[in-house]
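J.: I'd like to ask you about the structure that follows.
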Amino acid sequence: MRWITLAAAGVAGLGLGLVFLVGGDRVTGSTSGEGDRFAQCRGAQVAGGSGQIGGSFELVNAAGETVTDTDVITKPSLLYFGYTFCPDVCPLDTARNVAAVEILEERGHIVTPVFISIDPERDTPEVVGAFAENLHPRMVGLTGSPEQVKAASQTFRTYYNRQASDDPYYLVDHSTFTYLVLPGHGFVEFFRRDAGPEDLADRVQCFVEAM
């Protein structure tokens with residue numbers, strides 16, 4: 001088995017220190033206390049249990065409205081933290097997520113792709129709205145104040161760090177996991193970026209059908 005940290009150096013600097021175990025073991029408890037109904041679906045374990053990731057957040061949608069997690073997570077959702085100026089990783093990851101969502105829709109399962117910006121300085125509501133709409137008509141684009149974005153990132157134990165530069169095309173280092181969040185259950189699984197659309201769809205389908 002391999003231990004994977006969320007951008008280890010940066011996470012340690014933020015005091016998050018969350019570790020994922022990827023491989024044969026399964027998460028053995030659910031946050032609801034009713035046993036893990038998703039045990040057969042899991043491909044990853046979070047040290048301390050899945051209750052260590054996810055929770056409430058407050059952000060701003062494309063219309064400029066303040067929304068919470070209960071407003072956004074009304075259906076099974078794939079959450080990705082990135083930024084619209086990202087030159088390579090984010091476009092590939094979000095396109096992969098959209099492809100998986102479309103596969104799932106063909107199978108009769110509606111899953112919402114959600115894009116949360118970690119670059120609130122450039123990613124205004126209008127910018128994230130256009131970015132999301134261009135990728136998928138049901139994608140939800142979210143941004144917020146620096147404080148709101150930081151709080152949401154910490155809730156999901158993600159890492160990001162803007163590179164010091166006066167260049168308007170500055171880059172932002174960030175973690176690249178996609179999170180599956182289910183209404184009534186919260187966070188249940190994360191996916192690495194090496195999962196293909198079909199594999200991602202298969203794994204999400206298992207969770208959705210076990211709800």
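Each chain of the structure tokens is named A, B, ... in the order shown, its residues numbered from 1; ligands are numbered from 1 in display order.
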Identify all residues of stretch 87-143 of chain A in helix (DSSP H, G or I) (DSSP on the backbone) and supply them as JSON, numbers by chain.
T.: {"A": [89, 90, 91, 92, 93, 94, 95, 96, 97, 98, 99, 100, 101, 102, 103, 104, 105, 106, 125, 126, 127, 128, 129, 130, 131, 132, 133, 134, 135]}
J.: Excluding stretch 129-131 of chain A and residues on its chain fewer than 5 positions from it, collect all residues at most 7 Å away from it, counting only C-alpha atoms, and give them as a ChimeraX atom specification.
T.: /A:62,84,141
J.: Pick the closest to A:Val188 from A:Val172, A:Ala210, A:Ala63, A:Val89: which is it, counting only C-alpha atoms?
T.: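 Smallest separation from A:Val188 among the options: A:Ala210.
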J.: Find the residue from A:Ile118, A:Asp166, A:Cys86, A:Asp202 that sits nearest to A:Ala151; use only C-alpha atoms when measuring.
T.: A:Ile118
J.: Measuring between only C-alpha atoms, which one of A:Ile53, A:Leu104, A:Met211, A:Ala132 shows the shortest distance to A:Cys90?
T.: A:Ala132
J.: Between A:Pro87, A:Gly64, A:Gly54, A:Pro183, which is the closest to A:Gly144 once you count only C-alpha atoms?
T.: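 Looking at the shortest contact to A:Gly144, the residue is A:Gly64.
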J.: Using only C-alpha atoms, pick whichever of A:Thr176, A:Ser56, A:Ser153, A:Asp167 has the shortest atom-to-atom distance to A:Pro91.
T.: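 With only C-alpha atoms as the atom set, the closest residue is A:Thr176.
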J.: Measuring atom to atom with only C-alpha atoms, identify which of A:Asn61, A:Ser165, A:Gln205, A:Thr158 is nearest to A:Glu106.
T.: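 For A:Glu106, the nearest of the candidates is A:Gln205.
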J.: Report as a PyMOL selection string all protein, DNA and RNA residues lying within 12 Å of A:Phe81, evaluated on only C-alpha atoms, omitting residues in the same chain fewer than 3 positions from it.
T.: chain A and resi 78+84+86+89-91+93-94+113-120+128+140-143+149-150+152-160+172-179
J.: Quick one: residues within 7 Å of A:Ser77, only C-alpha atoms counted, chain neighbours fewer than 5 positions away excluded, as a count of residues only?
T.: 7
